[in-house]
Amino acid sequence: MDRRIVKPLRHNGMPYSGINVLMLWGAAIEGGYHSLFWMTYRQAKEHGANVRKSERGNSVVYANTITETEEQDDESEEYRKIPFMKGYSVFNVEQIEGLPEHFYSKPELVIDPAEGIEHADAFFEASGADVRHGGNHAFYVGGSDHVQMPHFEAF
């Protein structure tokens with residue numbers, strides 16, 4: 001079975017890197033998003049789509065360097081790299097209406113021939129916890145006090 005950890009993806013399918021991965025994983029868990037795709041408001045507009053009015057963006061950062069040329073007293077040039085960081089907001093595609101269908105595709109279930117453990121299933125059933133199935137991540141949602149679990153076959 002494929003057990004890769006998948007990074008969040010930009011609108012063009014390129015994965016995010018660095019701290020953005022952690023920030024977007026956290027935002028996906030908090031928002032209950034199952035899609036890996038994220039995009040800016042402008043990128044959504046370029047696809048002819050709209051961010052729903054009540055939705056809030058999630059912060060990501062772009063870090064790079066610029067090279068500045070300084071002329072020295074002896075008329076030679078010295079190059080200096082200056083680091084910079086720029087923050088901007090992105091939205092999960094589940095917050096956006098009207099995108100092309102491929103952005104909304106659900107992850108394929110991976111069928112695992114393993115069977116459930118009967119006494120473990122009975123324990124969790126008896127706990128009375130609100131367990132909901134779907135998506136490709138397991139997490140707890142404090143606001144609605146429920147546990148979200150992928151379907152058993154997806155593990």
# chains A, B, ... in the order shown; residues from 1 in each chain; ligands from 1
call {"tool": "residues_around", "arguments": {"residues": "stretch 49-53 of chain A", "least_positions_apart": "2", "cutoff": "9 Å", "atoms": "only C-alpha atoms", "output": "number ranges by chain"}}
result
A: 41, 43-47, 55-56, 91, 93, 95-100
call {"tool": "select_by_dssp", "arguments": {"residues": "stretch 1-148 of chain A", "states": "helix (DSSP H, G or I)", "output": "number ranges by chain"}}
result
A: 19-31, 41-46, 93-95, 101-104, 118-127
call {"tool": "write_last_selection", "arguments": {"atoms": "C-alpha atoms", "output": "tab-separated table (two decimals), in the first residue's frame"}}
result
chain	number	residue	atom	x	y	z
A	19	ILE	CA	7.10	26.12	6.65
A	20	ASN	CA	4.23	26.46	4.15
A	21	VAL	CA	3.73	22.69	4.23
A	22	LEU	CA	3.17	22.72	7.99
A	23	MET	CA	1.01	25.84	7.87
A	24	LEU	CA	-1.27	24.41	5.17
A	25	TRP	CA	-1.47	20.95	6.77
A	26	GLY	CA	-2.65	22.68	9.95
A	27	ALA	CA	-5.13	24.83	8.04
A	28	ALA	CA	-6.50	21.76	6.21
A	29	ILE	CA	-7.02	19.91	9.48
A	30	GLU	CA	-8.63	22.93	11.15
A	31	GLY	CA	-10.89	23.60	8.17
A	41	TYR	CA	-7.83	34.95	-4.79
A	42	ARG	CA	-6.34	36.19	-8.07
A	43	GLN	CA	-5.55	32.66	-9.27
A	44	ALA	CA	-9.15	31.63	-8.56
A	45	LYS	CA	-10.37	34.60	-10.63
A	46	GLU	CA	-8.02	33.62	-13.47
A	93	VAL	CA	-10.18	24.85	-3.44
A	94	GLU	CA	-13.03	23.67	-1.18
A	95	GLN	CA	-13.48	27.37	-0.31
A	101	GLU	CA	-13.58	19.79	-12.09
A	102	HIS	CA	-10.06	18.35	-11.71
A	103	PHE	CA	-9.46	20.60	-8.69
A	104	TYR	CA	-12.35	18.93	-6.85
A	118	GLU	CA	-13.51	-6.90	16.22
A	119	HIS	CA	-12.80	-6.04	19.87
A	120	ALA	CA	-11.21	-2.70	18.85
A	121	ASP	CA	-14.27	-1.83	16.75
A	122	ALA	CA	-16.51	-2.71	19.71
A	123	PHE	CA	-14.45	-0.50	22.04
A	124	PHE	CA	-14.75	2.57	19.81
A	125	GLU	CA	-18.44	1.93	19.20
A	126	ALA	CA	-19.02	1.79	22.98
A	127	SER	CA	-17.11	5.06	23.53
call {"tool": "residues_around", "arguments": {"residues": "stretch 66-68 of chain A", "least_positions_apart": "3", "cutoff": "8 Å", "atoms": "only C-alpha atoms", "output": "list in words"}}
result
Tyr79, Arg80, Lys81, Ile82, Pro83 and Phe84 of chain A
call {"tool": "write_last_selection", "arguments": {"atoms": "all heavy atoms", "output": "tab-separated table (two decimals), in the first residue's frame"}}
result
chain	number	residue	atom	x	y	z
A	79	TYR	N	28.76	42.39	-5.42
A	79	TYR	CA	27.39	41.87	-5.41
A	79	TYR	C	27.04	41.43	-3.99
A	79	TYR	O	27.83	40.77	-3.32
A	79	TYR	CB	27.26	40.70	-6.38
A	79	TYR	CG	27.57	41.10	-7.80
A	79	TYR	CD1	28.82	40.87	-8.34
A	79	TYR	CD2	26.62	41.74	-8.58
A	79	TYR	CE1	29.13	41.24	-9.64
A	79	TYR	CE2	26.91	42.13	-9.88
A	79	TYR	CZ	28.16	41.87	-10.40
A	79	TYR	OH	28.45	42.25	-11.68
A	80	ARG	N	25.86	41.81	-3.59
A	80	ARG	CA	25.41	41.45	-2.24
A	80	ARG	C	24.01	40.86	-2.34
A	80	ARG	O	23.12	41.43	-2.97
A	80	ARG	CB	25.40	42.71	-1.38
A	80	ARG	CG	25.09	42.44	0.07
A	80	ARG	CD	25.28	43.69	0.87
A	80	ARG	NE	24.24	44.66	0.51
A	80	ARG	CZ	23.78	45.59	1.33
A	80	ARG	NH1	24.29	45.72	2.51
A	80	ARG	NH2	22.83	46.41	0.94
A	81	LYS	N	23.84	39.70	-1.73
A	81	LYS	CA	22.52	39.06	-1.72
A	81	LYS	C	21.75	39.53	-0.49
A	81	LYS	O	22.26	39.47	0.62
A	81	LYS	CB	22.63	37.54	-1.72
A	81	LYS	CG	23.11	37.00	-3.04
A	81	LYS	CD	22.97	35.51	-3.10
A	81	LYS	CE	23.39	35.07	-4.49
A	81	LYS	NZ	22.83	33.80	-4.84
A	82	ILE	N	20.52	39.94	-0.72
A	82	ILE	CA	19.68	40.43	0.37
A	82	ILE	C	18.46	39.51	0.47
A	82	ILE	O	17.67	39.41	-0.47
A	82	ILE	CB	19.23	41.88	0.10
A	82	ILE	CG1	20.45	42.77	-0.07
A	82	ILE	CG2	18.31	42.36	1.21
A	82	ILE	CD1	20.13	44.16	-0.58
A	83	PRO	N	18.32	38.82	1.59
A	83	PRO	CA	17.15	37.93	1.74
A	83	PRO	C	15.89	38.75	1.99
A	83	PRO	O	15.93	39.84	2.57
A	83	PRO	CB	17.49	37.08	2.96
A	83	PRO	CG	18.51	37.86	3.70
A	83	PRO	CD	19.22	38.75	2.73
A	84	PHE	N	14.76	38.22	1.52
A	84	PHE	CA	13.47	38.85	1.79
A	84	PHE	C	12.40	37.78	1.93
A	84	PHE	O	12.58	36.64	1.49
A	84	PHE	CB	13.09	39.86	0.70
A	84	PHE	CG	12.69	39.24	-0.61
A	84	PHE	CD1	11.35	38.94	-0.88
A	84	PHE	CD2	13.63	38.95	-1.58
A	84	PHE	CE1	10.98	38.37	-2.07
A	84	PHE	CE2	13.27	38.38	-2.78
A	84	PHE	CZ	11.94	38.09	-3.04
call {"tool": "select_by_dssp", "arguments": {"residues": "chain A", "states": "strand (DSSP E or B)", "output": "VMD selection string"}}
result
chain A and resid 9 15 37 to 39 50 to 51 58 to 71 77 to 92 96 to 97 131 to 133 139 to 141 146 to 149
call {"tool": "closest_atom_pairs", "arguments": {"of": "stretch 34-87 of chain A", "to": "stretch 129-151 of chain A", "cutoff": "12 Å", "atoms": "only C-alpha atoms", "output": "JSON lines"}}
result
{"residue": "A:His34", "atom": "CA", "partner": "A:Gly135", "partner_atom": "CA", "distance": 5.5}
{"residue": "A:Ser35", "atom": "CA", "partner": "A:Gly135", "partner_atom": "CA", "distance": 8.5}
{"residue": "A:Leu36", "atom": "CA", "partner": "A:Asn136", "partner_atom": "CA", "distance": 10.0}
call {"tool": "residues_around", "arguments": {"residues": "stretch 9-14 of chain A", "least_positions_apart": "4", "cutoff": "6 Å", "atoms": "only C-alpha atoms", "output": "PDB file with C-alpha atoms, in the first residue's frame"}}
result
ATOM      1  CA  LEU A  36      -4.544  19.193  -1.559  1.00  0.00           C
ATOM      2  CA  PHE A  37      -4.928  22.248  -3.854  1.00  0.00           C
ATOM      3  CA  TRP A  38      -4.534  25.853  -2.653  1.00  0.00           C
ATOM      4  CA  MET A  39      -4.609  29.101  -4.621  1.00  0.00           C
TER       5      MET A  39
END
call {"tool": "atom_distance", "arguments": {"atom1": "atom CA of A:Asn92", "atom2": "atom CA of A:Pro15"}}
result
13.6 Å
call {"tool": "atom_distance", "arguments": {"atom1": "atom CA of A:Tyr88", "atom2": "atom CA of A:Thr65"}}
result
17.1 Å
call {"tool": "atom_distance", "arguments": {"atom1": "atom CA of A:Asn64", "atom2": "atom CA of A:Gly18"}}
result
12.3 Å
